[in-house]
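Pasted below: input11.cif, mmCIF, C-alpha atoms and all ligand atoms.
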data_upload
#
loop_
_atom_site.label_atom_id
_atom_site.label_comp_id
_atom_site.auth_asym_id
_atom_site.auth_seq_id
_atom_site.Cartn_x
_atom_site.Cartn_y
_atom_site.Cartn_z
CA MET A 1 -73.11 -87.04 26.86
CA GLN A 2 -75.46 -89.56 28.50
CA LYS A 3 -76.54 -92.49 26.35
CA ILE A 4 -80.30 -92.84 26.69
CA ASP A 5 -82.38 -95.39 24.77
CA LEU A 6 -86.11 -95.34 25.48
CA HIS A 7 -87.34 -97.74 22.78
CA SER A 8 -86.23 -101.37 22.42
CA HIS A 9 -87.56 -104.91 21.98
CA THR A 10 -86.89 -108.41 23.31
CA LEU A 11 -88.09 -111.87 22.33
CA VAL A 12 -91.27 -111.48 24.36
CA SER A 13 -92.42 -109.48 21.32
CA ASP A 14 -90.55 -109.38 17.99
CA GLY A 15 -86.97 -108.86 19.18
CA SER A 16 -84.39 -111.64 19.20
CA LEU A 17 -82.64 -111.23 22.58
CA SER A 18 -83.94 -112.29 25.98
CA PRO A 19 -84.50 -109.40 28.42
CA ILE A 20 -81.32 -110.38 30.30
CA GLU A 21 -79.31 -110.49 27.05
CA LEU A 22 -80.70 -107.11 26.00
CA VAL A 23 -79.73 -105.50 29.30
CA ALA A 24 -76.23 -107.01 29.05
CA ARG A 25 -75.86 -105.70 25.50
CA ALA A 26 -77.09 -102.25 26.54
CA LYS A 27 -74.44 -102.18 29.27
CA GLU A 28 -71.77 -103.23 26.74
CA GLN A 29 -72.89 -100.35 24.54
CA CYS A 30 -72.59 -97.98 27.54
CA VAL A 31 -76.31 -97.17 27.68
CA GLU A 32 -77.08 -95.43 30.98
CA ILE A 33 -80.87 -95.22 30.81
CA LEU A 34 -82.85 -97.95 29.02
CA SER A 35 -86.51 -98.69 28.46
CA ILE A 36 -87.64 -102.05 27.09
CA THR A 37 -90.79 -101.28 25.12
CA ASP A 38 -92.12 -104.55 23.75
CA HIS A 39 -95.23 -104.57 21.58
CA ASP A 40 -98.33 -104.72 23.81
CA THR A 41 -96.62 -106.56 26.67
CA VAL A 42 -94.51 -105.90 29.76
CA ALA A 43 -93.55 -109.55 30.23
CA ALA A 44 -89.83 -108.73 29.82
CA TYR A 45 -89.88 -107.08 33.24
CA GLU A 46 -90.91 -110.35 34.93
CA GLN A 47 -87.56 -111.73 33.81
CA LEU A 48 -85.58 -108.80 35.21
CA THR A 49 -85.63 -109.04 38.96
CA ASP A 50 -82.70 -106.78 39.68
CA LEU A 51 -83.40 -103.40 38.09
CA GLU A 52 -80.60 -101.66 39.95
CA GLY A 53 -76.98 -101.29 38.93
CA ASP A 54 -75.09 -99.01 36.59
CA LEU A 55 -77.96 -99.07 34.13
CA THR A 56 -81.23 -97.35 35.01
CA ILE A 57 -84.23 -99.17 33.60
CA ILE A 58 -87.43 -97.25 32.95
CA PRO A 59 -90.46 -99.57 32.73
CA GLY A 60 -92.09 -99.16 29.33
CA ILE A 61 -94.27 -100.59 26.57
CA GLU A 62 -95.13 -99.93 22.91
CA PHE A 63 -98.88 -100.13 22.37
CA SER A 64 -100.46 -100.70 18.95
CA THR A 65 -103.47 -98.66 17.93
CA GLN A 66 -105.00 -97.10 14.84
CA TRP A 67 -105.91 -93.55 14.01
CA ARG A 68 -108.06 -92.75 10.95
CA GLY A 69 -107.09 -96.06 9.40
CA VAL A 70 -103.36 -95.70 10.02
CA GLY A 71 -101.56 -98.14 12.32
CA VAL A 72 -99.93 -95.98 15.02
CA HIS A 73 -97.64 -96.91 17.93
CA ILE A 74 -97.75 -95.26 21.35
CA VAL A 75 -94.86 -95.77 23.74
CA GLY A 76 -95.63 -95.62 27.46
CA LEU A 77 -92.68 -94.75 29.70
CA ASN A 78 -92.04 -94.72 33.43
CA LEU A 79 -95.04 -96.93 34.18
CA ASP A 80 -95.97 -98.39 37.51
CA LEU A 81 -96.14 -101.99 36.34
CA SER A 82 -98.14 -103.04 39.40
CA SER A 83 -100.99 -100.63 38.56
CA GLU A 84 -104.33 -102.09 37.59
CA ALA A 85 -104.63 -99.79 34.56
CA ILE A 86 -101.54 -101.15 32.83
CA GLN A 87 -102.31 -104.74 33.72
CA GLN A 88 -105.83 -104.45 32.35
CA GLY A 89 -104.61 -102.69 29.20
CA VAL A 90 -101.95 -105.28 28.54
CA ALA A 91 -104.41 -108.15 29.08
CA GLN A 92 -106.83 -106.62 26.56
CA GLN A 93 -104.16 -105.94 23.94
CA GLU A 94 -102.61 -109.40 24.35
CA GLN A 95 -106.04 -110.95 23.75
CA SER A 96 -106.48 -108.72 20.68
CA ARG A 97 -103.08 -109.88 19.42
CA ARG A 98 -104.08 -113.54 19.84
CA ASP A 99 -107.40 -112.97 17.99
CA ARG A 100 -105.58 -110.99 15.31
CA SER A 101 -102.99 -113.73 14.75
CA VAL A 102 -105.79 -116.21 14.04
CA LEU A 103 -107.29 -113.78 11.53
CA ILE A 104 -103.93 -113.14 9.82
CA GLY A 105 -103.35 -116.90 9.59
CA GLN A 106 -106.78 -117.46 8.05
CA ARG A 107 -106.24 -114.71 5.51
CA LEU A 108 -102.86 -116.10 4.44
CA ILE A 109 -104.29 -119.63 4.17
CA LYS A 110 -107.16 -118.27 2.06
CA ALA A 111 -104.54 -116.68 -0.19
CA GLY A 112 -103.16 -120.18 -0.76
CA PHE A 113 -100.20 -120.43 1.64
CA PRO A 114 -99.85 -123.50 3.91
CA VAL A 115 -99.49 -121.49 7.13
CA ASP A 116 -98.99 -123.62 10.25
CA MET A 117 -100.12 -121.64 13.31
CA ALA A 118 -98.27 -123.94 15.71
CA ARG A 119 -95.06 -123.14 13.86
CA VAL A 120 -95.80 -119.39 13.92
CA ALA A 121 -96.28 -119.62 17.70
CA GLU A 122 -92.96 -121.43 17.96
CA ILE A 123 -91.20 -118.71 15.93
CA ALA A 124 -92.75 -116.20 18.36
CA ASN A 125 -91.26 -118.12 21.33
CA HIS A 126 -94.85 -118.82 22.43
CA SER A 127 -95.17 -115.18 23.33
CA ASN A 128 -96.93 -112.29 21.58
CA ILE A 129 -97.33 -113.09 17.87
CA GLY A 130 -96.69 -110.27 15.41
CA ARG A 131 -96.42 -109.85 11.66
CA PRO A 132 -92.62 -110.37 11.71
CA HIS A 133 -93.24 -113.96 12.89
CA PHE A 134 -95.60 -114.58 9.98
CA ALA A 135 -93.01 -113.01 7.70
CA GLN A 136 -90.34 -115.45 8.93
CA HIS A 137 -92.75 -118.35 8.40
CA LEU A 138 -93.49 -117.24 4.82
CA VAL A 139 -89.74 -117.18 4.20
CA GLU A 140 -89.20 -120.71 5.53
CA LEU A 141 -92.18 -121.93 3.47
CA GLY A 142 -90.41 -120.57 0.41
CA VAL A 143 -93.28 -118.19 -0.41
CA VAL A 144 -90.95 -115.17 -0.37
CA LYS A 145 -87.19 -114.77 -0.36
CA ASN A 146 -86.93 -112.59 2.73
CA VAL A 147 -88.85 -110.76 5.46
CA ALA A 148 -88.79 -107.45 3.60
CA VAL A 149 -90.54 -109.01 0.60
CA ALA A 150 -93.05 -110.72 2.93
CA PHE A 151 -94.02 -107.28 4.27
CA LYS A 152 -94.02 -105.70 0.85
CA LYS A 153 -96.34 -108.30 -0.66
CA TYR A 154 -98.46 -109.71 2.16
CA LEU A 155 -98.06 -108.09 5.58
CA GLY A 156 -97.30 -104.39 5.09
CA ASN A 157 -99.72 -101.49 5.17
CA GLY A 158 -102.94 -102.33 3.31
CA LYS A 159 -101.89 -105.89 2.36
CA ILE A 160 -103.97 -108.98 3.23
CA GLY A 161 -102.08 -109.73 6.43
CA ASP A 162 -102.30 -106.17 7.77
CA VAL A 163 -105.03 -106.37 10.41
CA LYS A 164 -105.19 -103.26 12.57
CA GLN A 165 -108.87 -102.85 13.38
CA CYS A 166 -108.51 -104.98 16.50
CA TRP A 167 -106.60 -102.59 18.73
CA ALA A 168 -107.95 -100.36 21.50
CA GLU A 169 -108.57 -96.75 20.44
CA LEU A 170 -105.93 -94.06 20.95
CA PRO A 171 -107.62 -92.33 23.97
CA GLN A 172 -107.99 -95.68 25.72
CA ILE A 173 -104.31 -96.54 25.20
CA VAL A 174 -103.18 -93.12 26.45
CA SER A 175 -105.39 -93.38 29.53
CA TRP A 176 -103.91 -96.80 30.46
CA ILE A 177 -100.47 -95.19 30.35
CA VAL A 178 -101.45 -92.03 32.24
CA ASP A 179 -103.47 -93.96 34.86
CA SER A 180 -100.42 -96.07 35.63
CA GLY A 181 -98.35 -92.96 36.28
CA GLY A 182 -96.57 -93.06 32.93
CA THR A 183 -95.87 -90.66 30.07
CA ALA A 184 -97.47 -91.33 26.67
CA VAL A 185 -95.07 -90.82 23.74
CA LEU A 186 -95.92 -90.91 20.03
CA ALA A 187 -93.46 -93.43 18.56
CA HIS A 188 -91.45 -92.87 15.35
CA PRO A 189 -93.69 -90.14 13.81
CA LEU A 190 -91.99 -90.28 10.41
CA LYS A 191 -92.79 -93.96 9.90
CA TYR A 192 -96.45 -93.23 9.29
CA LYS A 193 -95.58 -91.31 6.12
CA MET A 194 -98.27 -88.72 6.91
CA THR A 195 -98.34 -85.21 5.57
CA ARG A 196 -97.31 -82.57 8.07
CA THR A 197 -100.96 -81.46 8.40
CA LYS A 198 -102.16 -84.96 9.13
CA LEU A 199 -99.37 -85.59 11.65
CA ALA A 200 -100.31 -82.33 13.41
CA MET A 201 -103.94 -83.53 13.56
CA LEU A 202 -102.84 -86.86 15.04
CA LEU A 203 -100.82 -84.95 17.64
CA ASP A 204 -103.83 -82.75 18.50
CA ASP A 205 -105.96 -85.86 19.19
CA PHE A 206 -103.05 -87.43 21.08
CA ILE A 207 -102.64 -84.34 23.29
CA VAL A 208 -106.37 -84.12 24.02
CA ALA A 209 -106.17 -87.75 25.16
CA GLY A 210 -103.30 -86.91 27.55
CA GLY A 211 -100.25 -87.58 25.36
CA ARG A 212 -97.18 -85.61 26.49
CA ALA A 213 -94.23 -86.47 24.25
CA MET A 214 -93.03 -87.53 20.82
CA GLU A 215 -89.92 -89.34 19.61
CA VAL A 216 -87.81 -86.69 17.91
CA VAL A 217 -85.07 -89.26 17.41
CA SER A 218 -85.83 -92.81 16.28
CA GLY A 219 -82.71 -94.67 15.20
CA GLN A 220 -80.57 -92.86 12.65
CA GLN A 221 -82.25 -89.81 11.17
CA CYS A 222 -80.85 -86.93 9.17
CA ALA A 223 -80.49 -83.51 10.83
CA THR A 224 -83.36 -81.95 8.87
CA GLU A 225 -85.74 -84.68 10.01
CA VAL A 226 -84.78 -84.15 13.66
CA GLU A 227 -85.09 -80.37 13.29
CA SER A 228 -88.54 -80.62 11.75
CA LEU A 229 -89.74 -82.93 14.55
CA VAL A 230 -88.31 -80.59 17.19
CA ARG A 231 -90.23 -77.69 15.63
CA LEU A 232 -93.42 -79.73 15.74
CA CYS A 233 -92.73 -80.63 19.38
CA GLN A 234 -92.28 -76.96 20.24
CA GLN A 235 -95.43 -75.92 18.38
CA LYS A 236 -97.48 -78.51 20.23
CA GLY A 237 -95.80 -78.06 23.63
CA LEU A 238 -94.58 -81.65 23.72
CA LEU A 239 -91.51 -83.17 25.32
CA GLY A 240 -89.04 -85.07 23.15
CA SER A 241 -87.98 -88.70 23.46
CA CYS A 242 -85.37 -90.85 21.74
CA GLY A 243 -84.78 -94.52 21.09
CA SER A 244 -83.05 -96.95 18.78
CA ASP A 245 -86.12 -99.23 18.29
CA PHE A 246 -83.57 -102.04 18.56
CA HIS A 247 -84.96 -105.48 17.62
CA GLN A 248 -81.93 -107.66 16.97
CA PRO A 249 -78.19 -107.45 16.32
CA SER A 250 -77.29 -106.49 12.73
CA GLN A 251 -80.79 -105.31 11.86
CA TRP A 252 -81.74 -101.62 11.79
CA SER A 253 -80.23 -99.76 14.76
CA GLU A 254 -77.93 -101.13 17.48
CA ILE A 255 -79.11 -100.68 21.07
CA GLY A 256 -78.13 -97.20 22.26
CA SER A 257 -77.27 -96.14 18.74
CA MET A 258 -79.23 -93.24 17.32
CA SER A 259 -78.87 -89.64 16.20
CA ALA A 260 -77.89 -87.16 18.93
CA PHE A 261 -80.71 -85.74 21.04
CA PRO A 262 -81.23 -82.10 20.02
CA GLY A 263 -80.25 -79.41 22.51
CA ASN A 264 -83.31 -77.26 21.78
CA CYS A 265 -85.90 -79.83 22.85
CA SER A 266 -87.16 -80.56 26.40
CA PRO A 267 -86.39 -84.22 27.15
CA VAL A 268 -89.13 -86.50 28.43
CA TRP A 269 -86.81 -87.82 31.18
CA GLU A 270 -86.15 -84.35 32.64
CA ASN A 271 -88.78 -84.53 35.38
CA TRP A 272 -88.65 -88.21 36.30
P1 LIG B 1 -97.13 -105.97 14.40
O1 LIG B 1 -96.70 -105.60 15.81
O2 LIG B 1 -97.60 -107.37 14.30
O3 LIG B 1 -98.10 -104.98 13.82
O4 LIG B 1 -95.82 -105.88 13.51
C1 LIG B 1 -95.14 -104.65 13.42
C2 LIG B 1 -93.64 -104.89 13.45
O5 LIG B 1 -93.24 -105.44 12.22
C3 LIG B 1 -92.82 -103.64 13.59
O6 LIG B 1 -92.65 -103.28 14.94
C4 LIG B 1 -91.50 -104.05 12.97
O7 LIG B 1 -90.72 -104.72 13.92
C5 LIG B 1 -91.92 -105.02 11.90
N1 LIG B 1 -91.97 -104.46 10.55
C6 LIG B 1 -92.82 -103.53 10.08
N2 LIG B 1 -92.59 -103.26 8.78
C7 LIG B 1 -91.56 -104.06 8.40
C8 LIG B 1 -90.84 -104.28 7.18
N3 LIG B 1 -91.17 -103.60 6.07
N4 LIG B 1 -89.85 -105.17 7.18
C9 LIG B 1 -89.52 -105.84 8.29
N5 LIG B 1 -90.16 -105.70 9.47
C10 LIG B 1 -91.17 -104.82 9.52
MN MN B 2 -91.36 -104.57 16.07
MN MN B 3 -93.19 -99.27 16.37
MN MN B 4 -90.67 -100.52 18.40
#

Could you quickly redo this structure as structure tokens?
Ligand code: AMP
Ligand code: MN
Ligand code: MN
Ligand code: MN
Amino acid sequence: MQKIDLHSHTLVSDGSLSPIELVARAKEQCVEILSITDHDTVAAYEQLTDLEGDLTIIPGIEFSTQWRGVGVHIVGLNLDLSSEAIQQGVAQQEQSRRDRSVLIGQRLIKAGFPVDMARVAEIANHSNIGRPHFAQHLVELGVVKNVAVAFKKYLGNGKIGDVKQCWAELPQIVSWIVDSGGTAVLAHPLKYKMTRTKLAMLLDDFIVAGGRAMEVVSGQQCATEVESLVRLCQQKGLLGSCGSDFHQPSQWSEIGSMSAFPGNCSPVWENW
């Protein structure tokens, strides 16, 4: 069975490996089709000049947005990276991320923590700053004992450092993806902890906007979770995608490592 991983991160967002290291690791893990989907940036692809070889690389991204107050991620796959739509979208989201990082820093300082923005930028390799970089900084400041606690107390959903009002709206994000020839995929649907009804409503809005697929496999999931996502895919006429959401070695899923793709679901890569 082909090993296909359509969701992964490098150090141009909140992963730990360089794009070249990630590709090497994917090859070691026998991945045959890979997409690097960094948060709101495609900068990894500038560092990969040779996209040929025994590993097929599908240009991708993971955009941040919000829907009815919930932070939602949309993966764009098979993009034409030279298209104006994607370049404009990325530029806007990167600016939003910069503005947001200032706001998160101010909020944490107001809460009494001696946050040093220059240090946060350094932790982020002077690339896109995200909440995980603030989390690492809070750990080194001794405010919390680990990243998980930093999210639980200060950066997770609804906490002071959770700023999500800055992102482009869902239809805008989907149109950037579609206008650059790509396929819009709802990322990790179970992470939003929505009721089934609410998730179906999100999918309806996503489909109206031009969304075509949903991750039915995100890292390791139990069989009943996969089955329920496949049913939802079928009900809504969506294609299925899969990815590890790899960020770094020894954290969450390994690159190329996830539950098996279900046989009764049309794969997003079928018509590429
Ligand atoms: P941001 O892109 O700044 O909104 O940060 C979101 C990222 O934070 C996700 O893609 C994860 O990599 C990470 N993250 C979210 N929740 C947690 C958590 N509870 N513990 C550790 N990392 C998390
Ligand atoms: Mn991440
Ligand atoms: Mn995500
Ligand atoms: Mn991700």

Which residues are near ligand MN 4 (chain B) - at most 10 Å, using all atoms listed in the file? Format: as a PyMOL selection string.
chain A and resi 6-9+13-15+36-39+61-64+73-75+187-188+218+243-247

Expected file contents, prior selection, C-alpha atoms, as a PDB file, in the frame of the given file:
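Final output, saved to again.pdb:
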ATOM      1  CA  LEU A   6     -86.110 -95.340  25.480  1.00  0.00           C
ATOM      2  CA  HIS A   7     -87.340 -97.740  22.780  1.00  0.00           C
ATOM      3  CA  SER A   8     -86.230-101.370  22.420  1.00  0.00           C
ATOM      4  CA  HIS A   9     -87.560-104.910  21.980  1.00  0.00           C
ATOM      5  CA  SER A  13     -92.420-109.480  21.320  1.00  0.00           C
ATOM      6  CA  ASP A  14     -90.550-109.380  17.990  1.00  0.00           C
ATOM      7  CA  GLY A  15     -86.970-108.860  19.180  1.00  0.00           C
ATOM      8  CA  ILE A  36     -87.640-102.050  27.090  1.00  0.00           C
ATOM      9  CA  THR A  37     -90.790-101.280  25.120  1.00  0.00           C
ATOM     10  CA  ASP A  38     -92.120-104.550  23.750  1.00  0.00           C
ATOM     11  CA  HIS A  39     -95.230-104.570  21.580  1.00  0.00           C
ATOM     12  CA  ILE A  61     -94.270-100.590  26.570  1.00  0.00           C
ATOM     13  CA  GLU A  62     -95.130 -99.930  22.910  1.00  0.00           C
ATOM     14  CA  PHE A  63     -98.880-100.130  22.370  1.00  0.00           C
ATOM     15  CA  SER A  64    -100.460-100.700  18.950  1.00  0.00           C
ATOM     16  CA  HIS A  73     -97.640 -96.910  17.930  1.00  0.00           C
ATOM     17  CA  ILE A  74     -97.750 -95.260  21.350  1.00  0.00           C
ATOM     18  CA  VAL A  75     -94.860 -95.770  23.740  1.00  0.00           C
ATOM     19  CA  ALA A 187     -93.460 -93.430  18.560  1.00  0.00           C
ATOM     20  CA  HIS A 188     -91.450 -92.870  15.350  1.00  0.00           C
ATOM     21  CA  SER A 218     -85.830 -92.810  16.280  1.00  0.00           C
ATOM     22  CA  GLY A 243     -84.780 -94.520  21.090  1.00  0.00           C
ATOM     23  CA  SER A 244     -83.050 -96.950  18.780  1.00  0.00           C
ATOM     24  CA  ASP A 245     -86.120 -99.230  18.290  1.00  0.00           C
ATOM     25  CA  PHE A 246     -83.570-102.040  18.560  1.00  0.00           C
ATOM     26  CA  HIS A 247     -84.960-105.480  17.620  1.00  0.00           C
TER      27      HIS A 247
END

Env of A:Ile33: 10 Å cut, atoms = only C-alpha atoms, seq-sep filter 2 positions within chain, self excluded. Answer as a JSON list (two decimals) with C-alpha atoms, keeping the file's coordinate frame.
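Output file selection-v1.json is given in full below:
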[["chain", "number", "residue", "atom", "x", "y", "z"],
["A", 2, "GLN", "CA", -75.46, -89.56, 28.50],
["A", 3, "LYS", "CA", -76.54, -92.49, 26.35],
["A", 4, "ILE", "CA", -80.30, -92.84, 26.69],
["A", 5, "ASP", "CA", -82.38, -95.39, 24.77],
["A", 6, "LEU", "CA", -86.11, -95.34, 25.48],
["A", 26, "ALA", "CA", -77.09, -102.25, 26.54],
["A", 27, "LYS", "CA", -74.44, -102.18, 29.27],
["A", 30, "CYS", "CA", -72.59, -97.98, 27.54],
["A", 31, "VAL", "CA", -76.31, -97.17, 27.68],
["A", 35, "SER", "CA", -86.51, -98.69, 28.46],
["A", 54, "ASP", "CA", -75.09, -99.01, 36.59],
["A", 55, "LEU", "CA", -77.96, -99.07, 34.13],
["A", 56, "THR", "CA", -81.23, -97.35, 35.01],
["A", 57, "ILE", "CA", -84.23, -99.17, 33.60],
["A", 58, "ILE", "CA", -87.43, -97.25, 32.95],
["A", 256, "GLY", "CA", -78.13, -97.20, 22.26],
["A", 269, "TRP", "CA", -86.81, -87.82, 31.18]]

Contacts of ligand LIG 1 (chain B), 10 Å or closer, all atoms listed in the file, given as JSON, numbers by chain
{"A": [9, 13, 14, 15, 38, 39, 40, 62, 63, 64, 65, 71, 72, 73, 97, 100, 101, 104, 128, 129, 130, 131, 132, 133, 134, 135, 136, 146, 147, 148, 149, 150, 151, 152, 153, 155, 156, 157, 161, 162, 163, 164, 191, 245, 246, 247, 248, 251, 252]}

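Closest approach to A:Tyr192 among A:Met258, A:Val70, A:Ile109, A:Met1: A:Val70, based on all atoms listed in the file.
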
Quick one, how far is atom CA of A:Ile173 from atom CA of A:Leu103?
22.2 Å

Please determine, counting all atoms listed in the file, which residue among A:Pro59, A:Met194, A:Ile123, A:Arg107 has the shortest atom-to-atom distance to A:Tyr154.
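Nearest to A:Tyr154: A:Arg107.
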
In Å to one decimal, how far is atom CA of A:Glu28 from atom CA of A:Gly263?
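Here the two named atoms are 25.6 Å from each other.
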
Pick out the residues sitting within 8 Å of A:Ser241, and hand them over as an mmCIF file with C-alpha atoms, in the frame of the given file; count all atoms listed in the file, and ignore anything fewer than 6 positions along from it in its own chain.
data_model
loop_
_atom_site.group_PDB
_atom_site.id
_atom_site.type_symbol
_atom_site.label_atom_id
_atom_site.label_comp_id
_atom_site.auth_asym_id
_atom_site.auth_seq_id
_atom_site.Cartn_x
_atom_site.Cartn_y
_atom_site.Cartn_z
ATOM 1 C CA LEU A 6 -86.110 -95.340 25.480
ATOM 2 C CA VAL A 185 -95.070 -90.820 23.740
ATOM 3 C CA ALA A 213 -94.230 -86.470 24.250
ATOM 4 C CA MET A 214 -93.030 -87.530 20.820
ATOM 5 C CA GLU A 215 -89.920 -89.340 19.610
ATOM 6 C CA VAL A 216 -87.810 -86.690 17.910
ATOM 7 C CA VAL A 217 -85.070 -89.260 17.410
ATOM 8 C CA PRO A 267 -86.390 -84.220 27.150
ATOM 9 C CA VAL A 268 -89.130 -86.500 28.430
ATOM 10 C CA TRP A 269 -86.810 -87.820 31.180
#

Could you state the separation of atom CA of A:Val120 and atom CA of A:His137 in Å, given to one decimal place?
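Value for the atom CA of A:Val120-atom CA of A:His137 distance: 6.4 Å.
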
Taking only C-alpha atoms into account, name the residue in A:Gln66, A:Ala111, A:Ile86, A:Asp204 that is nearest to A:Gln235.
A:Asp204

Using the file's own x, y and z axes, so that the box edges lie along x, y and z, what centre and edge lengths in Å (one decimal) does a box around every listed atom of stretch 84-103 of chain A get when 4 Å is added on each side? Give it as lines of an AutoDock Vina configuration file.
center_x = -104.5
center_y = -108.0
center_z = 24.6
size_x = 13.9
size_y = 24.4
size_z = 34.1

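Compared by their closest atoms to ligand MN 2 (chain B), and using only C-alpha atoms and all ligand atoms, the residues A:Ser82, A:Gln29, A:Thr41, A:Asn264 rank with A:Thr41 nearest.
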
Nearest residue to ligand MN 2 (chain B) out of A:Leu238, A:Leu81, A:Ala124, A:Val115, using only C-alpha atoms and all ligand atoms?
A:Ala124

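The neighbours of A:Pro19 here are the residues that come within 10 Å of it, using all atoms listed in the file and leaving out any residue fewer than 2 positions away in the same chain; they are A:His9, A:Thr10, A:Leu11, A:Val12, A:Gly15, A:Ser16, A:Leu17, A:Glu21, A:Leu22, A:Val23, A:Ala24, A:Arg25, A:Ile36, A:Ala43, A:Ala44, A:Tyr45, A:Glu46, A:Gln47, A:Leu48.
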